[in-house]
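run28.pdb (PDB, C-alpha atoms and all ligand atoms) appears below.
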ATOM      1  CA  MET O   1     -58.112  10.799 -25.589
ATOM      2  CA  THR O   2     -56.650  14.289 -25.413
ATOM      3  CA  GLU O   3     -59.128  16.945 -24.426
ATOM      4  CA  ARG O   4     -59.107  19.637 -27.100
ATOM      5  CA  ARG O   5     -60.537  23.008 -26.097
ATOM      6  CA  PRO O   6     -62.918  24.366 -28.756
ATOM      7  CA  PHE O   7     -61.472  27.316 -30.659
ATOM      8  CA  ILE O   8     -63.729  29.615 -32.663
ATOM      9  CA  ALA O   9     -62.172  32.463 -34.614
ATOM     10  CA  GLY O  10     -63.596  35.289 -36.673
ATOM     11  CA  ASN O  11     -61.799  36.331 -39.850
ATOM     12  CA  TRP O  12     -62.994  39.835 -40.652
ATOM     13  CA  LYS O  13     -61.146  39.895 -43.994
ATOM     14  CA  MET O  14     -61.113  43.367 -45.632
ATOM     15  CA  PHE O  15     -64.168  44.673 -43.803
ATOM     16  CA  LYS O  16     -64.756  47.430 -41.231
ATOM     17  CA  THR O  17     -63.241  50.844 -40.589
ATOM     18  CA  ILE O  18     -61.459  51.350 -37.270
ATOM     19  CA  ARG O  19     -64.652  52.761 -35.754
ATOM     20  CA  GLU O  20     -66.754  49.846 -36.995
ATOM     21  CA  ALA O  21     -64.187  47.315 -35.793
ATOM     22  CA  VAL O  22     -64.077  48.912 -32.329
ATOM     23  CA  GLU O  23     -67.876  48.927 -32.138
ATOM     24  CA  THR O  24     -68.186  45.267 -33.129
ATOM     25  CA  ALA O  25     -65.370  44.179 -30.809
ATOM     26  CA  GLY O  26     -66.956  46.130 -27.945
ATOM     27  CA  ALA O  27     -70.327  44.500 -28.522
ATOM     28  CA  LEU O  28     -68.687  41.091 -28.758
ATOM     29  CA  VAL O  29     -66.904  41.514 -25.418
ATOM     30  CA  GLY O  30     -70.296  42.299 -23.857
ATOM     31  CA  HIS O  31     -71.815  39.160 -25.379
ATOM     32  CA  VAL O  32     -69.106  36.664 -24.448
ATOM     33  CA  SER O  33     -68.349  37.324 -20.807
ATOM     34  CA  ASP O  34     -70.037  33.989 -20.085
ATOM     35  CA  ALA O  35     -68.766  31.974 -23.073
ATOM     36  CA  ALA O  36     -66.803  29.609 -20.886
ATOM     37  CA  GLY O  37     -64.905  26.683 -22.306
ATOM     38  CA  VAL O  38     -64.278  28.159 -25.747
ATOM     39  CA  ASP O  39     -61.179  29.957 -26.999
ATOM     40  CA  ILE O  40     -62.222  33.009 -29.010
ATOM     41  CA  MET O  41     -60.234  35.086 -31.479
ATOM     42  CA  ILE O  42     -60.961  37.830 -33.958
ATOM     43  CA  ALA O  43     -58.721  38.921 -36.817
ATOM     44  CA  PRO O  44     -59.564  42.489 -37.838
ATOM     45  CA  ASN O  45     -57.831  44.439 -40.576
ATOM     46  CA  PHE O  46     -54.265  45.536 -39.715
ATOM     47  CA  THR O  47     -55.281  49.194 -39.427
ATOM     48  CA  ALA O  48     -57.767  48.330 -36.673
ATOM     49  CA  LEU O  49     -55.529  46.019 -34.606
ATOM     50  CA  ALA O  50     -54.252  48.614 -32.142
ATOM     51  CA  ALA O  51     -57.679  50.088 -31.441
ATOM     52  CA  VAL O  52     -59.365  46.679 -31.148
ATOM     53  CA  ARG O  53     -56.614  45.519 -28.789
ATOM     54  CA  GLU O  54     -57.641  48.272 -26.351
ATOM     55  CA  VAL O  55     -61.262  47.141 -26.477
ATOM     56  CA  LEU O  56     -60.319  43.498 -25.853
ATOM     57  CA  GLN O  57     -58.110  44.290 -22.812
ATOM     58  CA  GLY O  58     -59.155  42.062 -19.927
ATOM     59  CA  SER O  59     -61.659  40.069 -22.002
ATOM     60  CA  ALA O  60     -61.478  36.454 -23.150
ATOM     61  CA  VAL O  61     -61.341  37.480 -26.798
ATOM     62  CA  MET O  62     -57.889  37.127 -28.351
ATOM     63  CA  LEU O  63     -56.498  39.037 -31.293
ATOM     64  CA  GLY O  64     -55.120  37.589 -34.525
ATOM     65  CA  GLY O  65     -53.578  38.808 -37.764
ATOM     66  CA  GLN O  66     -54.822  37.779 -41.204
ATOM     67  CA  ASN O  67     -51.422  37.421 -42.875
ATOM     68  CA  LEU O  68     -47.731  38.089 -42.288
ATOM     69  CA  HIS O  69     -44.399  38.326 -44.059
ATOM     70  CA  TRP O  70     -41.688  35.827 -43.178
ATOM     71  CA  ALA O  71     -38.832  38.295 -42.710
ATOM     72  CA  PRO O  72     -38.403  39.900 -39.280
ATOM     73  CA  GLU O  73     -38.049  43.322 -40.913
ATOM     74  CA  GLY O  74     -36.721  44.852 -44.110
ATOM     75  CA  ALA O  75     -37.485  46.683 -47.307
ATOM     76  CA  PHE O  76     -40.761  44.891 -48.076
ATOM     77  CA  THR O  77     -43.237  47.642 -48.833
ATOM     78  CA  GLY O  78     -46.735  46.858 -47.692
ATOM     79  CA  GLU O  79     -45.814  43.860 -45.562
ATOM     80  CA  THR O  80     -46.110  43.123 -41.832
ATOM     81  CA  SER O  81     -43.808  40.853 -39.810
ATOM     82  CA  ALA O  82     -44.628  38.325 -37.108
ATOM     83  CA  GLY O  83     -42.903  40.534 -34.538
ATOM     84  CA  MET O  84     -45.035  43.500 -35.575
ATOM     85  CA  LEU O  85     -48.210  41.472 -35.191
ATOM     86  CA  GLN O  86     -47.124  40.320 -31.786
ATOM     87  CA  ASP O  87     -46.248  43.888 -30.851
ATOM     88  CA  ALA O  88     -49.799  44.846 -31.874
ATOM     89  CA  GLY O  89     -51.198  42.290 -29.428
ATOM     90  CA  CYS O  90     -51.788  39.294 -31.702
ATOM     91  CA  ARG O  91     -51.539  35.761 -30.332
ATOM     92  CA  TYR O  92     -52.482  34.052 -33.602
ATOM     93  CA  VAL O  93     -52.027  34.634 -37.310
ATOM     94  CA  ILE O  94     -53.954  33.149 -40.233
ATOM     95  CA  VAL O  95     -51.594  31.655 -42.837
ATOM     96  CA  GLY O  96     -52.340  30.411 -46.351
ATOM     97  CA  HIS O  97     -55.993  31.433 -46.537
ATOM     98  CA  SER O  98     -57.423  30.358 -49.897
ATOM     99  CA  GLU O  99     -58.078  34.004 -50.808
ATOM    100  CA  ARG O 100     -54.369  34.671 -50.420
ATOM    101  CA  ARG O 101     -53.513  31.564 -52.440
ATOM    102  CA  GLN O 102     -56.030  32.543 -55.138
ATOM    103  CA  TYR O 103     -55.438  36.303 -55.443
ATOM    104  CA  PHE O 104     -52.026  37.078 -53.951
ATOM    105  CA  GLY O 105     -49.738  34.319 -55.145
ATOM    106  CA  GLU O 106     -49.476  32.483 -51.822
ATOM    107  CA  THR O 107     -47.854  29.084 -52.358
ATOM    108  CA  ASP O 108     -47.064  26.157 -50.090
ATOM    109  CA  GLU O 109     -43.494  27.430 -50.097
ATOM    110  CA  THR O 110     -44.390  30.906 -48.824
ATOM    111  CA  VAL O 111     -46.804  29.303 -46.375
ATOM    112  CA  ASN O 112     -43.899  27.257 -45.002
ATOM    113  CA  LYS O 113     -41.750  30.365 -44.524
ATOM    114  CA  LYS O 114     -44.600  32.214 -42.846
ATOM    115  CA  ILE O 115     -45.393  29.335 -40.483
ATOM    116  CA  ARG O 116     -41.739  29.244 -39.396
ATOM    117  CA  ALA O 117     -41.592  32.995 -38.893
ATOM    118  CA  ALA O 118     -44.762  32.978 -36.810
ATOM    119  CA  LEU O 119     -43.642  30.067 -34.614
ATOM    120  CA  GLU O 120     -40.187  31.560 -34.074
ATOM    121  CA  CYS O 121     -41.866  34.698 -32.776
ATOM    122  CA  GLY O 122     -44.262  32.874 -30.470
ATOM    123  CA  LEU O 123     -47.299  33.557 -32.644
ATOM    124  CA  ALA O 124     -49.556  30.547 -33.220
ATOM    125  CA  PRO O 125     -50.269  30.076 -36.922
ATOM    126  CA  ILE O 126     -53.688  28.986 -38.149
ATOM    127  CA  LEU O 127     -52.773  27.074 -41.297
ATOM    128  CA  CYS O 128     -55.613  27.097 -43.832
ATOM    129  CA  VAL O 129     -55.967  24.227 -46.274
ATOM    130  CA  GLY O 130     -58.771  23.237 -48.583
ATOM    131  CA  GLU O 131     -59.726  21.963 -52.014
ATOM    132  CA  THR O 132     -61.629  23.700 -54.792
ATOM    133  CA  GLU O 133     -64.925  22.398 -56.127
ATOM    134  CA  LYS O 134     -63.194  21.093 -59.246
ATOM    135  CA  GLU O 135     -60.631  19.218 -57.169
ATOM    136  CA  ARG O 136     -63.378  17.675 -55.016
ATOM    137  CA  GLU O 137     -65.320  16.574 -58.087
ATOM    138  CA  ALA O 138     -62.146  15.039 -59.521
ATOM    139  CA  LYS O 139     -61.729  13.119 -56.220
ATOM    140  CA  LYS O 140     -58.495  14.942 -55.515
ATOM    141  CA  THR O 141     -59.460  16.308 -52.105
ATOM    142  CA  PHE O 142     -57.098  14.137 -50.096
ATOM    143  CA  SER O 143     -54.150  14.481 -52.461
ATOM    144  CA  VAL O 144     -54.546  18.287 -52.523
ATOM    145  CA  LEU O 145     -54.662  18.446 -48.728
ATOM    146  CA  ASP O 146     -51.748  16.050 -48.422
ATOM    147  CA  LYS O 147     -49.633  18.321 -50.593
ATOM    148  CA  GLN O 148     -50.685  21.495 -48.769
ATOM    149  CA  ILE O 149     -49.838  19.978 -45.392
ATOM    150  CA  GLN O 150     -46.624  18.171 -46.397
ATOM    151  CA  ASN O 151     -45.199  21.183 -48.220
ATOM    152  CA  GLY O 152     -46.593  23.837 -45.901
ATOM    153  CA  LEU O 153     -45.026  22.097 -42.896
ATOM    154  CA  LYS O 154     -41.884  20.861 -44.646
ATOM    155  CA  ASP O 155     -38.869  20.322 -42.378
ATOM    156  CA  LEU O 156     -40.723  21.384 -39.245
ATOM    157  CA  ARG O 157     -40.432  19.255 -36.109
ATOM    158  CA  SER O 158     -43.243  18.281 -33.778
ATOM    159  CA  ALA O 159     -41.596  20.301 -30.996
ATOM    160  CA  ASP O 160     -41.983  23.414 -33.180
ATOM    161  CA  VAL O 161     -45.555  23.042 -34.383
ATOM    162  CA  GLY O 162     -47.186  22.470 -30.980
ATOM    163  CA  PRO O 163     -49.133  25.748 -30.827
ATOM    164  CA  MET O 164     -50.311  25.506 -34.433
ATOM    165  CA  VAL O 165     -53.952  25.208 -35.472
ATOM    166  CA  ILE O 166     -55.228  23.819 -38.782
ATOM    167  CA  ALA O 167     -58.291  25.242 -40.505
ATOM    168  CA  TYR O 168     -59.976  23.064 -43.109
ATOM    169  CA  GLU O 169     -61.681  25.499 -45.450
ATOM    170  CA  PRO O 170     -63.107  23.892 -48.586
ATOM    171  CA  VAL O 171     -62.855  26.694 -51.142
ATOM    172  CA  TRP O 172     -66.313  25.876 -52.526
ATOM    173  CA  ALA O 173     -67.870  26.533 -49.115
ATOM    174  CA  ILE O 174     -66.327  29.955 -48.473
ATOM    175  CA  GLY O 175     -68.821  32.798 -48.735
ATOM    176  CA  THR O 176     -71.149  30.643 -50.824
ATOM    177  CA  GLY O 177     -73.676  29.563 -48.216
ATOM    178  CA  LYS O 178     -72.772  25.968 -49.163
ATOM    179  CA  THR O 179     -71.441  24.381 -45.992
ATOM    180  CA  ALA O 180     -69.723  21.033 -46.090
ATOM    181  CA  SER O 181     -71.988  18.492 -44.457
ATOM    182  CA  ARG O 182     -70.809  17.478 -41.021
ATOM    183  CA  GLU O 183     -69.949  14.062 -42.410
ATOM    184  CA  GLN O 184     -67.830  15.621 -45.160
ATOM    185  CA  ALA O 185     -66.087  17.838 -42.591
ATOM    186  CA  GLN O 186     -65.467  14.910 -40.238
ATOM    187  CA  GLU O 187     -64.068  12.742 -43.035
ATOM    188  CA  VAL O 188     -61.521  15.402 -43.964
ATOM    189  CA  HIS O 189     -60.672  16.356 -40.375
ATOM    190  CA  ARG O 190     -60.022  12.691 -39.602
ATOM    191  CA  PHE O 191     -57.790  12.485 -42.670
ATOM    192  CA  LEU O 192     -55.879  15.618 -41.609
ATOM    193  CA  ARG O 193     -55.384  14.300 -38.094
ATOM    194  CA  SER O 194     -54.011  10.989 -39.336
ATOM    195  CA  LEU O 195     -51.765  12.841 -41.756
ATOM    196  CA  MET O 196     -50.434  14.910 -38.850
ATOM    197  CA  GLU O 197     -49.913  11.683 -36.933
ATOM    198  CA  SER O 198     -47.870  10.174 -39.750
ATOM    199  CA  ILE O 199     -45.657  13.275 -39.881
ATOM    200  CA  PHE O 200     -45.446  14.400 -36.251
ATOM    201  CA  GLY O 201     -46.598  11.449 -34.170
ATOM    202  CA  ASN O 202     -49.605  10.635 -32.086
ATOM    203  CA  ASP O 203     -49.164  13.147 -29.245
ATOM    204  CA  LEU O 204     -49.139  16.131 -31.565
ATOM    205  CA  ALA O 205     -51.908  14.756 -33.768
ATOM    206  CA  SER O 206     -54.268  14.090 -30.908
ATOM    207  CA  ALA O 207     -53.657  17.521 -29.363
ATOM    208  CA  ILE O 208     -53.805  19.720 -32.470
ATOM    209  CA  ARG O 209     -57.017  21.640 -33.022
ATOM    210  CA  ILE O 210     -58.620  21.460 -36.448
ATOM    211  CA  GLN O 211     -61.165  24.172 -37.254
ATOM    212  CA  TYR O 212     -63.753  23.976 -39.987
ATOM    213  CA  GLY O 213     -64.348  27.086 -42.119
ATOM    214  CA  GLY O 214     -66.824  27.809 -44.897
ATOM    215  CA  SER O 215     -70.291  29.300 -44.389
ATOM    216  CA  VAL O 216     -70.390  28.552 -40.654
ATOM    217  CA  LYS O 217     -73.586  30.066 -39.219
ATOM    218  CA  PRO O 218     -75.522  29.902 -35.940
ATOM    219  CA  ASN O 219     -77.758  27.203 -37.457
ATOM    220  CA  ASN O 220     -74.993  24.772 -38.447
ATOM    221  CA  ILE O 221     -72.270  25.228 -35.820
ATOM    222  CA  LYS O 222     -73.703  22.813 -33.277
ATOM    223  CA  ALA O 223     -73.946  19.898 -35.725
ATOM    224  CA  LEU O 224     -70.402  20.522 -36.936
ATOM    225  CA  MET O 225     -69.010  20.759 -33.402
ATOM    226  CA  GLU O 226     -70.582  17.435 -32.497
ATOM    227  CA  MET O 227     -68.217  15.650 -34.851
ATOM    228  CA  PRO O 228     -65.258  14.088 -33.015
ATOM    229  CA  ASP O 229     -62.493  15.702 -35.076
ATOM    230  CA  VAL O 230     -64.057  19.152 -35.500
ATOM    231  CA  ASP O 231     -62.501  21.285 -32.769
ATOM    232  CA  GLY O 232     -63.694  24.721 -33.750
ATOM    233  CA  ALA O 233     -64.488  27.057 -36.596
ATOM    234  CA  LEU O 234     -62.945  29.828 -38.649
ATOM    235  CA  VAL O 235     -65.858  32.109 -39.416
ATOM    236  CA  GLY O 236     -65.954  34.787 -42.115
ATOM    237  CA  GLY O 237     -69.221  36.566 -42.897
ATOM    238  CA  ALA O 238     -71.082  35.490 -39.759
ATOM    239  CA  SER O 239     -68.317  36.894 -37.522
ATOM    240  CA  LEU O 240     -68.860  40.456 -38.730
ATOM    241  CA  ASP O 241     -71.955  40.918 -36.596
ATOM    242  CA  ALA O 242     -71.350  40.621 -32.841
ATOM    243  CA  ALA O 243     -74.761  39.127 -32.009
ATOM    244  CA  THR O 244     -74.536  36.514 -34.774
ATOM    245  CA  PHE O 245     -70.949  35.597 -33.900
ATOM    246  CA  SER O 246     -71.944  35.380 -30.250
ATOM    247  CA  GLN O 247     -74.654  32.841 -31.134
ATOM    248  CA  ILE O 248     -71.975  30.739 -32.831
ATOM    249  CA  LEU O 249     -69.702  31.036 -29.774
ATOM    250  CA  HIS O 250     -72.567  29.904 -27.545
ATOM    251  CA  PHE O 251     -73.185  26.753 -29.599
ATOM    252  CA  GLN O 252     -73.174  24.698 -26.416
ATOM    253  CA  SER O 253     -76.105  26.505 -24.818
TER     254      SER O 253
HETATM  255  P1  LIG Y 301     -67.385  32.485 -44.716
HETATM  256  O1  LIG Y 301     -67.716  32.107 -43.287
HETATM  257  O2  LIG Y 301     -67.860  33.868 -45.061
HETATM  258  O3  LIG Y 301     -67.825  31.445 -45.683
HETATM  259  O4  LIG Y 301     -65.775  32.569 -44.798
HETATM  260  C1  LIG Y 301     -65.011  31.530 -44.323
HETATM  261  C2  LIG Y 301     -63.599  31.960 -44.294
HETATM  262  O5  LIG Y 301     -62.988  32.185 -45.311
HETATM  263  C3  LIG Y 301     -62.960  32.128 -42.976
HETATM  264  O6  LIG Y 301     -61.588  32.297 -43.097
END
In C-alpha cells, how does this file's structure come out?
Amino acid sequence: MTERRPFIAGNWKMFKTIREAVETAGALVGHVSDAAGVDIMIAPNFTALAAVREVLQGSAVMLGGQNLHWAPEGAFTGETSAGMLQDAGCRYVIVGHSERRQYFGETDETVNKKIRAALECGLAPILCVGETEKEREAKKTFSVLDKQIQNGLKDLRSADVGPMVIAYEPVWAIGTGKTASREQAQEVHRFLRSLMESIFGNDLASAIRIQYGGSVKPNNIKALMEMPDVDGALVGGASLDAATFSQILHFQS
C-alpha cells in the first residue's frame, strides 16, 4: 500500500488582521518545530499572506490561499490569480469550499477552471467536496460527491492531478460542532478513493491524500486519523488558535 504522509491544514477563512495573523503564525512555528511526519499548511486571508510568509520562513509550516481566479491576469476586479498566490509564497490553494459554493456562486464548472489554473502554475489545489444535511438525509451523499468530483475534475488526466488533495467537508459539520463520526468519514473517503481510481487509475487513487473537514478538534482528530482512508484534516475554527491547532497537529503524541 502507498504510504500517504498526513496533511493537516488550517483554513483561517475571513479572520485575523495582519498583526493577529503574524502573531498566530509565529506562535504556531514555535509549537511545531517537533511535529515530524505531518505536512502542515495554513491559509490566512490574502492581505496577511506576505507578512505570514516572512514568519514561516525556514519552518515546516507551508502557506496556502483560500481561493483563486482561473485567469493568469486581467481585468477581474477583486480577484487573485494562481501566479499571484505562488508569488506570495503559496504552495497550496483551497478550491470549491462549500462557503464559496453557497455564498459566491462557485460551481463545479468554475471549480474545474480553477483546478486547472492552479495545477498549470504548480500550485497544489485542495478540492473541497461535501453534501448538505438535506442531501445526506435524502441518501444523496454519494451521488452529490460523484457529481462534484466528475465535473470538478472533468477532462483532467492523472498526470496532471498528481499533486492535488481532496478535502471531504460535509456541509452539516462545518462550524456546527457536529463532526461526522469516524465511520461516516471513512465510508465517504473510501468512496472518494474508489471514484478516483475509476477515473484516474489505481496509482493516483492510492497516493492521493483525502482530508476530512468539519468541526475537527483536538479531542476528535486522533480517532479520525486512525481510519485507513483519512489522510489529514482541513481545520477551520480550531486552527485559529496556535495552541489548539498545535494539539491537533500532534495527534500522534
Ligand atoms: P470548522 O473546523 O470550523 O468546522 O470548519 C471546517 C472548514 O470549513 C475548513 O475548511
- Query: Can I get the residues close to ligand LIG 301 (chain Y) as a ChimeraX atom specification, where close means within 9 Å and we count all atoms listed in the file?
  - Reply: /O:9-13,66,94,97-99,128,167,169-179,212-217,233-239
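Distances to O:Ala117 were evaluated for O:Met196, O:Ile166, O:Val32, O:Ala82 using all atoms listed in the file, and the minimum falls at O:Ala82.
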- Message: Please report the interatomic distance between atom CA of O:Thr47 and atom CA of O:Ala25 in Å with one decimal.
- Response: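 Taking atom CA of O:Thr47 and atom CA of O:Ala25, their separation equals 14.2 Å.
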- Message: Please report the interatomic distance between atom CA of O:Ala124 and atom CA of O:Gly162 in Å with one decimal.
- Response: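 Rounded to one decimal, the two atoms are 8.7 Å apart.
Against this structure, the PyMOL selection byres (((chain O and resi 150) around 12) and not hetatm) ends up with Asp108, Glu109, Val111, Asn112, Leu127, Val129, Phe142, Ser143, Val144, Leu145, Asp146, Lys147, Gln148, Ile149, Asn151, Gly152, Leu153, Lys154, Asp155, Leu156, Leu192, Leu195, Met196, Glu197, Ser198, Ile199 and Phe200 of chain O.
Distances from O:Arg182, O:Lys16, O:Arg157, O:Arg101 to O:Asn67 were compared using only C-alpha atoms, and the smallest one belongs to O:Arg101.
Close contacts of O:Arg209, defined as residues with an atom at most 7 Å away when counting only C-alpha atoms, with chain neighbours fewer than 2 positions off set aside, comprise Arg4, Val165, Ile166, Ala207, Gln211 and Asp231 of chain O.
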Could you take the residues named above and write them with C-alpha atoms, as a compact mmCIF listing (two decimals), keeping the file's coordinate frame?
# COMPACT_ATOMS: atom_id res chain seq x y z
CA ARG O 4 -59.11 19.64 -27.10
CA VAL O 165 -53.95 25.21 -35.47
CA ILE O 166 -55.23 23.82 -38.78
CA ALA O 207 -53.66 17.52 -29.36
CA GLN O 211 -61.16 24.17 -37.25
CA ASP O 231 -62.50 21.28 -32.77
Expansion of the PyMOL selection byres (((chain O and resi 86) around 12) and not hetatm) into residues, as a PDB file with C-alpha atoms, in the frame of the given file:
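Okay, this is what ended up in selection-v1.pdb:
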ATOM      1  CA  PHE O  46     -54.265  45.536 -39.715  1.00  0.00           C
ATOM      2  CA  LEU O  49     -55.529  46.019 -34.606  1.00  0.00           C
ATOM      3  CA  ALA O  50     -54.252  48.614 -32.142  1.00  0.00           C
ATOM      4  CA  ARG O  53     -56.614  45.519 -28.789  1.00  0.00           C
ATOM      5  CA  MET O  62     -57.889  37.127 -28.351  1.00  0.00           C
ATOM      6  CA  LEU O  63     -56.498  39.037 -31.293  1.00  0.00           C
ATOM      7  CA  GLY O  64     -55.120  37.589 -34.525  1.00  0.00           C
ATOM      8  CA  GLY O  65     -53.578  38.808 -37.764  1.00  0.00           C
ATOM      9  CA  LEU O  68     -47.731  38.089 -42.288  1.00  0.00           C
ATOM     10  CA  PRO O  72     -38.403  39.900 -39.280  1.00  0.00           C
ATOM     11  CA  THR O  80     -46.110  43.123 -41.832  1.00  0.00           C
ATOM     12  CA  SER O  81     -43.808  40.853 -39.810  1.00  0.00           C
ATOM     13  CA  ALA O  82     -44.628  38.325 -37.108  1.00  0.00           C
ATOM     14  CA  GLY O  83     -42.903  40.534 -34.538  1.00  0.00           C
ATOM     15  CA  MET O  84     -45.035  43.500 -35.575  1.00  0.00           C
ATOM     16  CA  LEU O  85     -48.210  41.472 -35.191  1.00  0.00           C
ATOM     17  CA  ASP O  87     -46.248  43.888 -30.851  1.00  0.00           C
ATOM     18  CA  ALA O  88     -49.799  44.846 -31.874  1.00  0.00           C
ATOM     19  CA  GLY O  89     -51.198  42.290 -29.428  1.00  0.00           C
ATOM     20  CA  CYS O  90     -51.788  39.294 -31.702  1.00  0.00           C
ATOM     21  CA  ARG O  91     -51.539  35.761 -30.332  1.00  0.00           C
ATOM     22  CA  TYR O  92     -52.482  34.052 -33.602  1.00  0.00           C
ATOM     23  CA  VAL O  93     -52.027  34.634 -37.310  1.00  0.00           C
ATOM     24  CA  ALA O 117     -41.592  32.995 -38.893  1.00  0.00           C
ATOM     25  CA  ALA O 118     -44.762  32.978 -36.810  1.00  0.00           C
ATOM     26  CA  LEU O 119     -43.642  30.067 -34.614  1.00  0.00           C
ATOM     27  CA  GLU O 120     -40.187  31.560 -34.074  1.00  0.00           C
ATOM     28  CA  CYS O 121     -41.866  34.698 -32.776  1.00  0.00           C
ATOM     29  CA  GLY O 122     -44.262  32.874 -30.470  1.00  0.00           C
ATOM     30  CA  LEU O 123     -47.299  33.557 -32.644  1.00  0.00           C
ATOM     31  CA  ALA O 124     -49.556  30.547 -33.220  1.00  0.00           C
ATOM     32  CA  PRO O 125     -50.269  30.076 -36.922  1.00  0.00           C
TER      33      PRO O 125
END
- Task: Apply the PyMOL selection byres (((chain O and resi 5) around 12) and not hetatm) to the file shown and report the selected residues as a PyMOL selection string.
- Result: chain O and resi 2-4+6-8+36-40+165+206-211+225+229-233
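Here atom CA of O:Arg116 is placed at a distance of 29.0 Å from atom CA of O:Ala21.
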- Hey, which of O:Ala242, O:Leu56, O:Val95, O:Ala205 ends up closest to O:Thr107? Count all atoms listed in the file.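 So, comparing all the options, the nearest one is O:Val95.
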- Message: Here is a test: counting all atoms listed in the file, which residue of O:Val161, O:Val188, O:Leu240, O:Gly58 is nearest to O:Thr17?
- Response: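 Using all atoms listed in the file, the shortest distance to O:Thr17 belongs to O:Leu240.
When only C-alpha atoms are used to measure the gap to O:Arg193, the shortest distance among O:Met41, O:Glu73, O:Gln247, O:Tyr168 belongs to O:Tyr168.
Proximity ranking of O:Ile18, O:Ser158, O:Phe251, O:Ile42 relative to O:Asn202 places O:Ser158 first, based on all atoms listed in the file.
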